[in-house]
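Visitor: This is the structure I have questions about; it appears just below.
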Amino acid sequence: MSSLVLALRPLEFFLTQYRRGWRGSAVSSVVTPVVYLLALGVGLGVFVDRSASLPSGTSYLDFVAPGLMAATAMQIAGFEASWPVMAAIKWHRQYHAMLATPLRIRDVMLGHQAYFVFRLLLTATVYFVVIVAFGAVSSPLGVLAIPVTVLVGLSFTAPLAAWAAHAQTEASFVAIFRFIILPMFLFSGTFFPISTLPRPLEVIAWFTPLWHGVTLCRDLTLGNVGPDDLLHLGYLLAIVTAGLVTARVTYARRLVR
Amino acid sequence: MADSNGQPLVHARGLVKRFGEFAAVDGVDFDLRRGEAFGFLGPNGAGKTSTMRMIGCVSPVTDGTLRVLGLDPARDGVRIRSRLGVVPQDDTLDMDLTVRENIVIYGRYFGLPRKQLGRRADELLEFVELTERANDRVEPLSGGMKRRLTIARSLVNDPEIMLLDEPTTGLDPQARHVVWDRLYRLKREGVTLLLTTHYMDEAEQLCDRLVVMDKGRIAAEGSPRELIERYSTREVVELRFDDGSQPADWSRWTDGLVSRVEELPDRVLLYTQDGDAASHQLHERGLLPESVLVRRSTLEDVFLHLTGRSLIE
């Protein structure tokens with residue numbers, strides 16, 4: 001408990017830092033969903049809906065909107081938990097400033113994750129409002145897609161921060177975006193059901209946190225909730241937990257010498 | 001209070017810090033008393049920063065005993081750190097925040113209330129003469145200003161000990177003097193200072209007592225004056241020669257005149273009680289160097305005598 005209270009102190013720093021550049025990120029968190037939903041949901045949707053290929057007559061807009069919401073959380077997580085974590089260790093060294101005070105490794109690590117929660121919550125809320133405005137939420141349960149989207153983001157920020165604290169150089173971050181985040185964005189059920197993938201790729205997709213997140217968000221906004229969703233939730237929680245435990249170790253190894 | 005009965009604020013016995021096989025700190029003993037300015041003087045790589053980091057409870061002790069404010073860093077790091085003020089060697093200021101925000105946020109790390117921090121930040125900025133820059137971003141400030149801000153920030157929690165790791169390294173002479181002046185004022189106000197430096201003038205200016213460190217060990221301990229008296233002579237004659245004209249056998253020239261001769265690549269140092277008399281005698285004996293300088297002994301001479309090397313290589 002006390003450790004969660006102490007994590008609020010680094011959070012204050014990251015919020016102060018965010019406030020200095022918030023306008024840019026606020027504009028993009030409104031513009032991005034609008035552009036995506038117009039292009040894919042409305043534009044491409046016309047063609048998809050004509051072929052009536054989605055199960056149970058779901059419109060493509062309703063299908064893709066919650067998927068995009070989850071996938072956006074992944075991308076924000078990718079940017080927030082890579083370079084900024086390394087910067088706080090070796091370029092701007094903010095972690096070192098924190099550790100000279102009563103704050104401990106776990107406060108610093110959790111404090112940064114708490115900031116990611118804030119950042120994800122803001123984006124997810126805006127995204128949800130936009131989706132509602134597009135008329136793509138058909139169940140009151142849909143509002144739960146907001147916390148789920150935050151959880152999807154955390155399932156990336158926790159392991160990524162663990163990696164960023166371990167990595168000596170930034171070289172791997174570009175590779176992570178190219179070979180992990182981009183393929184997940186395209187092939188984890190955001191744009192089409194993974195059952196249309198070749199079997200081996202479908203099996204890989206089952207293990208991606210994004211697929212679980214996309215499916216969960218979609219079930220919530222469409223009001224299709226079932227027992228499977230507990231499994232999706234559990235999978236995401238497990239990844240977040242494993243990521244945090246690992247981050248605790250890599251942070252300590254890197255920062256305590 | 002643990003230290004009210006004269007117990008030292010920092011107590012180290014046989015303190016060791018190893019990185020793999022390499023011993024950065026190799027068994028050092030020292031005590032820091034309340035109200036004094038205590039220095040670690042030594043070249044880069046002497047183990048000064050490692051020692052400071054152990055005292056600051058950010059680096060675990062490998063071996064030996066270390067007590068800070070009567071507490072054990074391994075168990076009470078949080079409590080100790082809440083009573084220390086740390087000025088690290090590399091600034092850890094946040095470049096995107098304002099000068100004032102840097103102090104307030106740092107104070108929040110200690111859990112101090114925001115309201116109180118506003119006042120405190122104003123006082124501290126006044127003290128380091130940065131009031132006019134309070135709402136500017138840190139990035140464009142000069143090195144000296146950033147260093148003063150780091151000092152102001154480290155004072156936010158009213159620390160019982162200030163740890164200063166190379167406080168003026170990288171600053172121009174004028175900026176160094178401003179920093180020294182502020183540190184001197186803190187010392188007069190009774191703040192206990194623990195600093196590392198490889199500048200002998202800094203050690204002489206600020207330290208009541210210091211240890212000379214080399215290769216992870218303490219070579220000598222005392223006040224600057226004591227160390228000079230113990231390990232050097234009152235005065236030094238510095239001689240420079242044109243290429244090739246430097247005598248090979250010094251005993252012939254200096255016999256009975258000086259107590260010690262130190263030959264450096266670019267000059268020769270003669271240690272003596274009376275420099276003018278010695279240089280006069282050398283002249284009489286026919287030694288004709290390119291230049292002669294008579295000066296007082298410094299801590300640099302002490303270091304040279306103890307280790308055979310100069311402080312800044």
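Each chain in the structure tokens gets a letter, A, B and so on, in the order shown; residues start at 1 in every chain, and ligands are counted from 1 in the order they appear.
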Taking 3 positions as the minimum chain separation for residues in the same chain, which residues sit within 10 Å of Leu186 of chain B when counting only C-alpha atoms? Answer as a PyMOL selection string.

Guide: chain B and resi 35+37+127+155+162+180-183+189-193

Visitor: Give one line per residue of chain A that approaches chain B to at most 8 Å, naming the two atoms of the closest pair and their distance in Å to one decimal, counting only C-alpha atoms; sort by chain then ascending residue number and deliver it as a tab-separated table.

Guide:
```
residue	atom	partner	partner_atom	distance
A:Arg9	CA	B:Tyr109	CA	5.4
A:Pro10	CA	B:Tyr109	CA	6.9
A:Glu12	CA	B:Ile105	CA	7.3
A:Phe13	CA	B:Ile105	CA	6.0
A:Thr16	CA	B:Leu97	CA	7.8
A:Gln17	CA	B:Leu97	CA	6.6
A:Arg20	CA	B:Asp96	CA	7.7
A:His92	CA	B:Thr92	CA	6.5
A:Arg93	CA	B:Thr92	CA	5.6
A:Gln94	CA	B:Thr92	CA	6.0
A:His96	CA	B:Thr92	CA	7.0
A:Ala97	CA	B:Thr92	CA	5.6
A:Met98	CA	B:Tyr109	CA	6.7
A:Leu99	CA	B:Val58	CA	6.9
A:Ala100	CA	B:Arg81	CA	6.5
A:Thr101	CA	B:Arg81	CA	5.4
A:Pro102	CA	B:Val78	CA	4.5
A:Leu103	CA	B:Tyr109	CA	6.7
A:Arg104	CA	B:Val78	CA	7.4
A:Val256	CA	B:Ser59	CA	5.7
A:Arg257	CA	B:Ser59	CA	5.2
```

Visitor: Just C-alpha atoms for this one: save the residues we selected as a short mmCIF file (atom, residue, chain, number, x, y, z; two decimals), in the first residue's frame.

Guide:
```cif
data_model
loop_
_atom_site.label_atom_id
_atom_site.label_comp_id
_atom_site.auth_asym_id
_atom_site.auth_seq_id
_atom_site.Cartn_x
_atom_site.Cartn_y
_atom_site.Cartn_z
CA ARG A 9 5.26 11.33 -6.37
CA PRO A 10 7.07 10.41 -9.61
CA GLU A 12 3.47 14.19 -10.40
CA PHE A 13 6.72 14.79 -12.21
CA THR A 16 4.12 18.22 -15.00
CA GLN A 17 6.25 17.21 -17.95
CA ARG A 20 4.25 21.28 -21.12
CA HIS A 92 17.92 13.00 -18.89
CA ARG A 93 18.50 10.77 -15.85
CA GLN A 94 15.30 11.73 -14.05
CA HIS A 96 18.56 9.02 -10.77
CA ALA A 97 17.26 12.30 -9.36
CA MET A 98 14.27 10.44 -7.89
CA LEU A 99 16.43 7.69 -6.39
CA ALA A 100 18.55 10.24 -4.50
CA THR A 101 15.38 11.08 -2.53
CA PRO A 102 13.33 8.75 -0.30
CA LEU A 103 11.84 7.11 -3.42
CA ARG A 104 12.74 3.47 -4.09
CA VAL A 256 21.50 0.04 -8.38
CA ARG A 257 25.22 -0.39 -8.80
#
```

Visitor: Running DSSP on the backbone, which parts of segment 13-178 of chain B land in strand (DSSP E), as a VMD selection string?

Guide: chain B and resid 13 to 19 22 to 32 37 to 41 63 to 68 84 to 87 161 to 165

Visitor: Can you tell me, as a list in words, what residues are no more than 8 Å from Leu282 of chain B when counting only C-alpha atoms, ignoring any on the same chain fewer than 4 positions away?

Guide: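 Near Leu282 of chain B, the qualifying residues are Trp253, Thr254, Ala278, Gly286 and Leu287 of chain B.
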
Visitor: Residues of the last selection are to be written out with N, CA and C atoms, as a tab-separated table (two decimals), in the first residue's frame.

Guide:
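Everything below was put into selection.tsv:
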```
chain	number	residue	atom	x	y	z
B	253	TRP	N	73.62	19.64	-7.35
B	253	TRP	CA	73.17	21.03	-7.28
B	253	TRP	C	72.45	21.37	-5.98
B	254	THR	N	71.67	20.44	-5.50
B	254	THR	CA	70.75	20.78	-4.41
B	254	THR	C	71.24	20.34	-3.05
B	278	ALA	N	66.94	29.29	-1.38
B	278	ALA	CA	67.37	28.14	-2.18
B	278	ALA	C	67.63	28.54	-3.62
B	286	GLY	N	75.62	28.22	-10.09
B	286	GLY	CA	75.73	28.25	-11.54
B	286	GLY	C	74.60	27.56	-12.29
B	287	LEU	N	73.50	27.20	-11.60
B	287	LEU	CA	72.36	26.57	-12.30
B	287	LEU	C	71.52	27.67	-12.95
```

Visitor: Go through segment 112-194 of chain A residue by residue and, counting only C-alpha atoms, keep those with an atom at most 6 Å from segment 204-216 of chain A; for each kept residue give the shortest atom pair and its distance in Å to one decimal, ordered by chain and increasing number, as JSON lines.

Guide:
```
{"residue": "A:Val152", "atom": "CA", "partner": "A:Gly213", "partner_atom": "CA", "distance": 5.6}
{"residue": "A:Ser188", "atom": "CA", "partner": "A:Trp211", "partner_atom": "CA", "distance": 4.7}
{"residue": "A:Gly189", "atom": "CA", "partner": "A:Trp211", "partner_atom": "CA", "distance": 5.8}
```

Visitor: Could you list, as a list in words, every residue within 12 Å of Val129 of chain A, counting only C-alpha atoms and ignoring same-chain residues fewer than 5 positions away?

Guide: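 Everything that qualifies: Ser29, Val30, Pro33, Val34, Ala65, Pro66, Met69, Leu122, Thr123, Ala124, Phe134, Gly135, Ala136, Val137, Gly142, Val143, Ala145 and Ile146 of chain A.
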
Visitor: Can you pull out the residues contacting Arg176 of chain B? Cut-off 9 Å, using only C-alpha atoms, and skip same-chain residues under 6 positions away; I want them as a PyMOL selection string.

Guide: chain B and resi 144+167-170+202

Visitor: Save the residues we just selected, C-alpha atoms, as a compact mmCIF listing (two decimals), in the first residue's frame?

Guide:
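Output below, filename out_6.txt:
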```txt
# COMPACT_ATOMS: atom_id res chain seq x y z
CA GLY B 144 27.13 27.55 -13.56
CA PRO B 167 30.62 20.44 -7.32
CA THR B 168 32.54 22.70 -9.71
CA THR B 169 33.93 20.31 -12.31
CA GLY B 170 33.34 21.69 -15.79
CA GLU B 202 38.61 23.72 -4.00
```

Visitor: Can you tell me how far atom CA of Ser139 of chain A sits from atom CA of Thr221 of chain A, in Å to one decimal?

Guide: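 Straight-line distance from atom CA of Ser139 of chain A to atom CA of Thr221 of chain A works out to 5.5 Å.
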
Visitor: Find the residues around Tyr36 of chain A up to 12 Å (only C-alpha atoms counted), leave out those fewer than 4 positions away in its own chain, and share them as a count of residues only.

Guide: 25

Visitor: What parts of segment 39-219 of chain A does DSSP call helix (DSSP H, G or I)? I'd like the answer as a ChimeraX atom specification.

Guide: /A:39-51,55-57,60-80,83-91,94-99,105-133,140-166,171-187,194-196,199-207,209-219

Visitor: Could you please take those selected residues and save C-alpha atoms as a short mmCIF file (atom, residue, chain, number, x, y, z; two decimals), in the first residue's frame?

Guide:
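Output contents, as saved in part.cif:
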```cif
data_model
loop_
_atom_site.label_atom_id
_atom_site.label_comp_id
_atom_site.auth_asym_id
_atom_site.auth_seq_id
_atom_site.Cartn_x
_atom_site.Cartn_y
_atom_site.Cartn_z
CA ALA A 39 -11.23 6.04 -43.76
CA LEU A 40 -11.82 2.50 -42.56
CA GLY A 41 -15.16 2.40 -40.81
CA VAL A 42 -17.05 4.60 -43.21
CA GLY A 43 -14.96 4.48 -46.41
CA LEU A 44 -13.78 0.90 -46.57
CA GLY A 45 -16.86 -0.17 -44.60
CA VAL A 46 -19.13 0.52 -47.56
CA PHE A 47 -17.44 -2.22 -49.56
CA VAL A 48 -17.16 -4.69 -46.69
CA ASP A 49 -20.80 -4.30 -45.70
CA ARG A 50 -21.90 -4.84 -49.31
CA SER A 51 -20.31 -8.31 -49.28
CA PRO A 55 -20.71 -12.74 -38.81
CA SER A 56 -24.16 -11.92 -37.47
CA GLY A 57 -24.60 -8.88 -39.69
CA TYR A 60 -17.69 -2.95 -40.51
CA LEU A 61 -17.66 0.35 -38.63
CA ASP A 62 -18.96 -1.36 -35.49
CA PHE A 63 -16.40 -4.13 -36.01
CA VAL A 64 -13.31 -2.04 -36.60
CA ALA A 65 -13.93 0.83 -34.15
CA PRO A 66 -13.27 -1.07 -30.88
CA GLY A 67 -10.33 -2.84 -32.53
CA LEU A 68 -8.75 0.47 -33.47
CA MET A 69 -9.28 1.74 -29.95
CA ALA A 70 -7.31 -1.17 -28.50
CA ALA A 71 -4.64 -1.01 -31.19
CA THR A 72 -4.10 2.71 -30.59
CA ALA A 73 -3.40 1.98 -26.93
CA MET A 74 -0.69 -0.41 -28.05
CA GLN A 75 0.94 2.21 -30.22
CA ILE A 76 0.89 4.89 -27.55
CA ALA A 77 2.31 2.36 -25.12
CA GLY A 78 5.07 1.58 -27.60
CA PHE A 79 6.19 5.18 -27.80
CA GLU A 80 5.75 6.05 -24.12
CA TRP A 83 12.58 6.02 -25.48
CA PRO A 84 11.23 7.94 -22.46
CA VAL A 85 12.21 5.11 -20.10
CA MET A 86 15.70 4.95 -21.55
CA ALA A 87 15.90 8.75 -21.36
CA ALA A 88 15.03 8.69 -17.67
CA ILE A 89 17.90 6.24 -17.18
CA LYS A 90 20.68 7.48 -19.39
CA TRP A 91 19.91 10.74 -21.18
CA GLN A 94 15.30 11.73 -14.05
CA TYR A 95 15.19 8.29 -12.37
CA HIS A 96 18.56 9.02 -10.77
CA ALA A 97 17.26 12.30 -9.36
CA MET A 98 14.27 10.44 -7.89
CA LEU A 99 16.43 7.69 -6.39
CA ILE A 105 13.16 1.51 -7.31
CA ARG A 106 9.60 0.19 -7.20
CA ASP A 107 8.16 3.68 -6.59
CA VAL A 108 10.01 5.00 -9.62
CA MET A 109 8.97 2.06 -11.79
CA LEU A 110 5.33 2.10 -10.67
CA GLY A 111 5.21 5.89 -10.83
CA HIS A 112 6.14 5.80 -14.49
CA GLN A 113 3.52 3.10 -15.14
CA ALA A 114 0.98 5.24 -13.30
CA TYR A 115 1.73 7.99 -15.78
CA PHE A 116 1.14 5.54 -18.64
CA VAL A 117 -2.25 4.75 -17.09
CA PHE A 118 -3.10 8.44 -17.11
CA ARG A 119 -1.93 8.84 -20.70
CA LEU A 120 -3.84 5.74 -21.85
CA LEU A 121 -6.96 6.67 -19.94
CA LEU A 122 -7.04 10.06 -21.61
CA THR A 123 -6.65 8.59 -25.08
CA ALA A 124 -9.09 5.75 -24.49
CA THR A 125 -11.75 8.15 -23.20
CA VAL A 126 -11.40 10.45 -26.19
CA TYR A 127 -11.45 7.46 -28.54
CA PHE A 128 -14.58 6.11 -26.89
CA VAL A 129 -16.38 9.43 -27.19
CA VAL A 130 -15.50 9.58 -30.89
CA ILE A 131 -16.71 6.02 -31.44
CA VAL A 132 -19.98 6.81 -29.70
CA ALA A 133 -20.35 9.89 -31.91
CA PRO A 140 -23.97 0.22 -22.41
CA LEU A 141 -21.27 -2.31 -21.48
CA GLY A 142 -19.21 -0.55 -24.13
CA VAL A 143 -18.03 2.01 -21.58
CA LEU A 144 -15.95 -0.78 -20.02
CA ALA A 145 -13.87 -0.75 -23.21
CA ILE A 146 -12.17 2.30 -21.69
CA PRO A 147 -10.53 0.47 -18.75
CA VAL A 148 -9.88 -2.53 -20.98
CA THR A 149 -8.05 -0.29 -23.45
CA VAL A 150 -5.92 1.01 -20.58
CA LEU A 151 -5.17 -2.59 -19.64
CA VAL A 152 -4.18 -3.37 -23.24
CA GLY A 153 -1.80 -0.41 -23.12
CA LEU A 154 -0.31 -1.64 -19.84
CA SER A 155 0.21 -5.10 -21.29
CA PHE A 156 2.70 -3.33 -23.56
CA THR A 157 4.12 -0.62 -21.28
CA ALA A 158 5.01 -3.06 -18.49
CA PRO A 159 7.11 -5.51 -20.57
CA LEU A 160 8.48 -2.71 -22.75
CA ALA A 161 9.65 -0.64 -19.79
CA ALA A 162 11.27 -3.81 -18.42
CA TRP A 163 13.08 -4.20 -21.72
CA ALA A 164 13.99 -0.50 -22.01
CA ALA A 165 15.61 -0.62 -18.56
CA HIS A 166 17.63 -3.64 -19.66
CA ALA A 171 18.64 0.29 -31.45
CA SER A 172 16.14 -2.40 -30.45
CA PHE A 173 13.20 -0.01 -30.21
CA VAL A 174 12.94 0.46 -33.96
CA ALA A 175 13.02 -3.31 -34.40
CA ILE A 176 10.29 -3.72 -31.80
CA PHE A 177 8.07 -1.32 -33.72
CA ARG A 178 8.82 -2.93 -37.06
CA PHE A 179 8.67 -6.58 -36.12
CA ILE A 180 6.31 -6.71 -33.13
CA ILE A 181 4.03 -3.71 -32.95
CA LEU A 182 3.34 -3.23 -36.66
CA PRO A 183 2.53 -6.92 -37.37
CA MET A 184 0.33 -7.04 -34.27
CA PHE A 185 -1.45 -3.92 -35.44
CA LEU A 186 -2.23 -5.55 -38.79
CA PHE A 187 -2.80 -9.19 -37.86
CA ILE A 194 -8.04 -13.81 -37.26
CA SER A 195 -9.97 -16.92 -38.36
CA THR A 196 -9.31 -15.75 -41.92
CA ARG A 199 -3.80 -21.63 -39.38
CA PRO A 200 -0.20 -21.14 -38.10
CA LEU A 201 -0.59 -17.37 -38.08
CA GLU A 202 -3.92 -17.67 -36.35
CA VAL A 203 -2.28 -19.69 -33.59
CA ILE A 204 0.40 -17.01 -33.18
CA ALA A 205 -2.32 -14.36 -33.05
CA TRP A 206 -3.96 -16.16 -30.10
CA PHE A 207 -0.90 -15.39 -28.03
CA PRO A 209 -2.07 -9.48 -26.06
CA LEU A 210 -3.56 -7.23 -28.69
CA TRP A 211 -5.88 -9.96 -30.03
CA HIS A 212 -7.21 -10.54 -26.51
CA GLY A 213 -7.63 -6.79 -26.05
CA VAL A 214 -9.32 -6.25 -29.41
CA THR A 215 -11.71 -9.15 -28.86
CA LEU A 216 -12.59 -7.99 -25.37
CA CYS A 217 -13.22 -4.39 -26.47
CA ARG A 218 -15.33 -5.60 -29.37
CA ASP A 219 -17.43 -7.91 -27.21
#
```

Visitor: Please identify all polymer residues within 9 Å of Met145 of chain B, counting only C-alpha atoms, omitting same-chain residues fewer than 4 positions from it, and present them as a ChimeraX atom specification.

Guide: /B:128-130,138,141,149-150,175

Visitor: What separation in Å, quoted to one decimal, exists between atom CA of Gly39 of chain B and atom CA of Arg148 of chain B?

Guide: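 Atom CA of Arg148 of chain B lies 19.3 Å from atom CA of Gly39 of chain B.
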